[in-house]
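Take a look at the structure set out below.
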Amino acid sequence: MTVRVLQLTDLHLMADPLAELKGICTRTRFDAVMRAASEVVGPVERLIITGDLAHDEKHETYSALRNQLQSWLPKLRIIPGNHDDRRAIRQTFGERIQVDSDRIVFVDAVAGWTLIGLDSQVTGELRGELGSAQLHWLELQLTSRSDQSIALFVHHPPVLIGSLWIDAIRMDDADSLWSLLDRHKQVRIVCCGHIHQEQTIVGHSAIVLTTPSTGVQFQPESESLVVDSVWPGFRVLDLEPDGTFRTHVIRVSV
Ligand SMILES: [Fe+2]
């Protein structure tokens, strides 16, 4: 059975529904993306949000998001980004998440695949880090699932992407993650957000996929932040029982 997973990322919602980020109303765009996500043909098994849910870190922003996602709750998995308030996520989405130490993670088995969410937030900073305790936890998860295909979800990509200003706020301990993944080749995909653009990066033991924001887009290969005029979007992942997968990004005109 094919398992269809949707990834949404970098919502940057604010309590004020008309609030803008870089001249763009993130709420309007997210509403349009959710409408499109709801119209995806065929059964969808999971909706995974890979961080930066809120831009203002306000509790009411998370509450409004939970209300909006009511019909998706059984399928919803969440990890934090650099802009999120872990405490607000815990209070709002408590039963939808798993907590390891103070990290918000998830481990989710679906038809021969295991989806693992990691927490790369360094509180108060834009850069990311998994930390040795979480990497040790991940190693335990992978060791006990050597016979399964695995997709990782994490906010900060563990690769340089060629934009000077984003590479400066990258995942600091990416090398440690890769040395771990080199020993666990059943990890096929690392699915990320943070960079507000679509990229596919090969050359490591797993393919790195980055997904557009549901709101503001960043221009690739830029030295400083430049807003891209491409539409927002989300990713569709189709995972097959034999460990292969197909994926594409759906852009949503608003
Ligand atoms: Fe973001």
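By order of appearance in the structure tokens: chains A, B, ..., then residues from 1 within every chain, and ligands from 1 in the order shown.
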
With 12 Å as the cut-off and only C-alpha atoms counted, what is the closest atom pair between each nearby residue of stretch 68-92 of chain A and stretch 52-55 of chain A? Distances in Å to one decimal, ordered by chain and number, as a tab-separated table.
residue	atom	partner	partner_atom	distance
A:Ile78	CA	A:Leu53	CA	9.0
A:Ile79	CA	A:Asp52	CA	8.8
A:Pro80	CA	A:Asp52	CA	6.3
A:Gly81	CA	A:Asp52	CA	4.5
A:Asn82	CA	A:Asp52	CA	6.4
A:His83	CA	A:Asp52	CA	5.1
A:Asp84	CA	A:Asp52	CA	5.5
A:Asp85	CA	A:Ala54	CA	8.2
A:Arg86	CA	A:Asp52	CA	10.7
A:Ala88	CA	A:Ala54	CA	9.9
A:Ile89	CA	A:Leu53	CA	9.1
A:Thr92	CA	A:Leu53	CA	11.9

If you keep C-alpha atoms, can you produce a file of those selected residues as a PDB file, in the first residue's frame?
ATOM      1  CA  ILE A  78       4.442  18.553  14.448  1.00  0.00           C
ATOM      2  CA  ILE A  79       8.038  19.544  15.125  1.00  0.00           C
ATOM      3  CA  PRO A  80       9.250  23.037  16.080  1.00  0.00           C
ATOM      4  CA  GLY A  81      11.291  25.505  14.037  1.00  0.00           C
ATOM      5  CA  ASN A  82      13.554  28.293  15.214  1.00  0.00           C
ATOM      6  CA  HIS A  83      10.603  30.692  15.547  1.00  0.00           C
ATOM      7  CA  ASP A  84       8.406  28.437  17.669  1.00  0.00           C
ATOM      8  CA  ASP A  85       7.641  28.457  21.377  1.00  0.00           C
ATOM      9  CA  ARG A  86       8.026  24.852  22.550  1.00  0.00           C
ATOM     10  CA  ALA A  88       3.002  26.851  23.528  1.00  0.00           C
ATOM     11  CA  ILE A  89       3.225  23.835  21.184  1.00  0.00           C
ATOM     12  CA  THR A  92      -1.766  23.425  22.409  1.00  0.00           C
TER      13      THR A  92
END

Show me, as JSON lines, the residues of stretch 94-127 of chain A having an atom within 8 Å of stretch 220-243 of chain A, each with the closest atom pair and its distance in Å, using only C-alpha atoms.
{"residue": "A:Ala111", "atom": "CA", "partner": "A:Pro241", "partner_atom": "CA", "distance": 6.7}
{"residue": "A:Gly112", "atom": "CA", "partner": "A:Pro241", "partner_atom": "CA", "distance": 5.7}
{"residue": "A:Trp113", "atom": "CA", "partner": "A:Pro241", "partner_atom": "CA", "distance": 7.2}

Counting only C-alpha atoms and all ligand atoms, what residues are within 8 Å of ligand 1, given as an NGL selection string? :A and (9-12 or 51-52 or 81-83 or 193-196 or 213)

Write to file, as a PDB file, in the first residue's frame, the residues of the selection just made, with C-alpha atoms.
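Saved file out_26.pdb follows:
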ATOM      1  CA  THR A   9       6.297  24.078   6.639  1.00  0.00           C
ATOM      2  CA  ASP A  10       7.130  27.609   7.754  1.00  0.00           C
ATOM      3  CA  LEU A  11       3.605  28.900   8.260  1.00  0.00           C
ATOM      4  CA  HIS A  12       4.760  31.997  10.213  1.00  0.00           C
ATOM      5  CA  GLY A  51       8.270  24.075  12.152  1.00  0.00           C
ATOM      6  CA  ASP A  52       7.850  27.825  12.276  1.00  0.00           C
ATOM      7  CA  GLY A  81      11.291  25.505  14.037  1.00  0.00           C
ATOM      8  CA  ASN A  82      13.554  28.293  15.214  1.00  0.00           C
ATOM      9  CA  HIS A  83      10.603  30.692  15.547  1.00  0.00           C
ATOM     10  CA  GLY A 193      11.855  23.457   5.961  1.00  0.00           C
ATOM     11  CA  HIS A 194      13.593  26.642   7.172  1.00  0.00           C
ATOM     12  CA  ILE A 195      14.886  27.832   3.799  1.00  0.00           C
ATOM     13  CA  HIS A 196      11.476  28.731   2.260  1.00  0.00           C
ATOM     14  CA  SER A 213       6.904  27.860   2.939  1.00  0.00           C
TER      15      SER A 213
END

For the alpha helix (DSSP H) assignment from backbone DSSP, which residues of stretch 103-214 of chain A qualify? Please present them as a list of chain:residue names.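 These are the residues in question: A:Ser132, A:Ala133, A:Gln134, A:Leu135, A:His136, A:Trp137, A:Leu138, A:Glu139, A:Leu140, A:Gln141, A:Leu142, A:Thr143, A:Leu164, A:Trp165, A:Ile166, A:Asp167, A:Ala174, A:Asp175, A:Ser176, A:Leu177, A:Trp178, A:Ser179, A:Leu180, A:Leu181, A:Asp182.
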
Show which residues sit within 9 Å of A:Ala64, as a PDB file with N, CA and C atoms, in the first residue's frame. Count only C-alpha atoms, and ignore same-chain residues fewer than 5 positions away.
ATOM      1  N   ALA A  15      -1.230  36.168  15.348  1.00  0.00           N
ATOM      2  CA  ALA A  15      -2.557  36.239  15.965  1.00  0.00           C
ATOM      3  C   ALA A  15      -3.476  37.167  15.159  1.00  0.00           C
ATOM      4  N   HIS A  59       0.403  32.291  22.205  1.00  0.00           N
ATOM      5  CA  HIS A  59      -0.423  31.121  22.486  1.00  0.00           C
ATOM      6  C   HIS A  59      -1.679  31.117  21.618  1.00  0.00           C
ATOM      7  N   LEU A  69      -7.074  23.115  12.159  1.00  0.00           N
ATOM      8  CA  LEU A  69      -6.635  21.778  11.752  1.00  0.00           C
ATOM      9  C   LEU A  69      -7.449  20.667  12.414  1.00  0.00           C
TER      10      LEU A  69
END

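Near A:Pro43, within a cut-off of 7 Å and counting only C-alpha atoms, sit the residues Arg4, Val41 and Glu45 of chain A, with same-chain residues fewer than 2 positions away left out.
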
Written selection (N, CA and C atoms) as a PDB file, in the first residue's frame:
ATOM      1  N   ARG A   4       0.566   8.007   1.556  1.00  0.00           N
ATOM      2  CA  ARG A   4       0.670   9.400   1.091  1.00  0.00           C
ATOM      3  C   ARG A   4       0.787  10.334   2.305  1.00  0.00           C
ATOM      4  N   VAL A  41      -5.927  14.454  -4.166  1.00  0.00           N
ATOM      5  CA  VAL A  41      -6.688  13.255  -4.528  1.00  0.00           C
ATOM      6  C   VAL A  41      -6.102  12.032  -3.819  1.00  0.00           C
ATOM      7  N   GLU A  45      -2.396   9.866   4.577  1.00  0.00           N
ATOM      8  CA  GLU A  45      -2.220   9.210   5.880  1.00  0.00           C
ATOM      9  C   GLU A  45      -1.706  10.157   6.957  1.00  0.00           C
TER      10      GLU A  45
END

Using only C-alpha atoms, find the one residue out of A:Ala37, A:Leu135, A:Ala174, A:Val154 that sits nearest to A:Gly117.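 Ranking A:Ala37, A:Leu135, A:Ala174, A:Val154 by distance to A:Gly117, first place goes to A:Val154.
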
Residues of stretch 29-116 of chain A classed as strand (DSSP E or B) by DSSP on the backbone are to be reported as a compact mmCIF listing (two decimals) with C-alpha atoms, in the first residue's frame.
# COMPACT_ATOMS: atom_id res chain seq x y z
CA ARG A 46 -0.29 12.02 7.55
CA LEU A 47 -0.01 15.81 7.63
CA ILE A 48 3.40 16.81 8.95
CA ILE A 49 4.27 20.41 9.82
CA THR A 50 8.01 20.96 10.03
CA ALA A 54 3.90 30.85 14.51
CA LEU A 76 -1.19 15.58 12.34
CA ARG A 77 2.46 15.47 13.44
CA ILE A 78 4.44 18.55 14.45
CA ILE A 79 8.04 19.54 15.12
CA GLN A 98 6.01 13.25 21.84
CA VAL A 99 8.55 14.84 24.16
CA ASP A 100 12.06 13.53 24.75
CA ARG A 103 12.69 18.21 22.65
CA ILE A 104 9.47 17.86 20.64
CA VAL A 105 9.82 14.80 18.43
CA PHE A 106 7.72 12.00 16.97
CA VAL A 107 8.12 8.38 15.92
CA ASP A 108 5.33 7.12 13.72
CA ALA A 109 5.05 3.73 12.02
CA VAL A 110 3.05 3.60 8.79
CA TRP A 113 7.94 3.01 6.93
CA THR A 114 8.84 4.85 10.11
CA LEU A 115 8.52 8.62 10.12
CA ILE A 116 10.75 10.30 12.70

Residues within 6 Å of A:Met171, please, as a ChimeraX atom specification. Count only C-alpha atoms; anything in the same chain fewer than 4 positions from it doesn't count. /A:128-129,156,158

Tell me which of A:Leu65, A:Val202, A:Val3, A:Leu126 sits closest to A:Asp167, counting only C-alpha atoms.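 Among the listed residues, the smallest separation from A:Asp167 belongs to A:Leu126.
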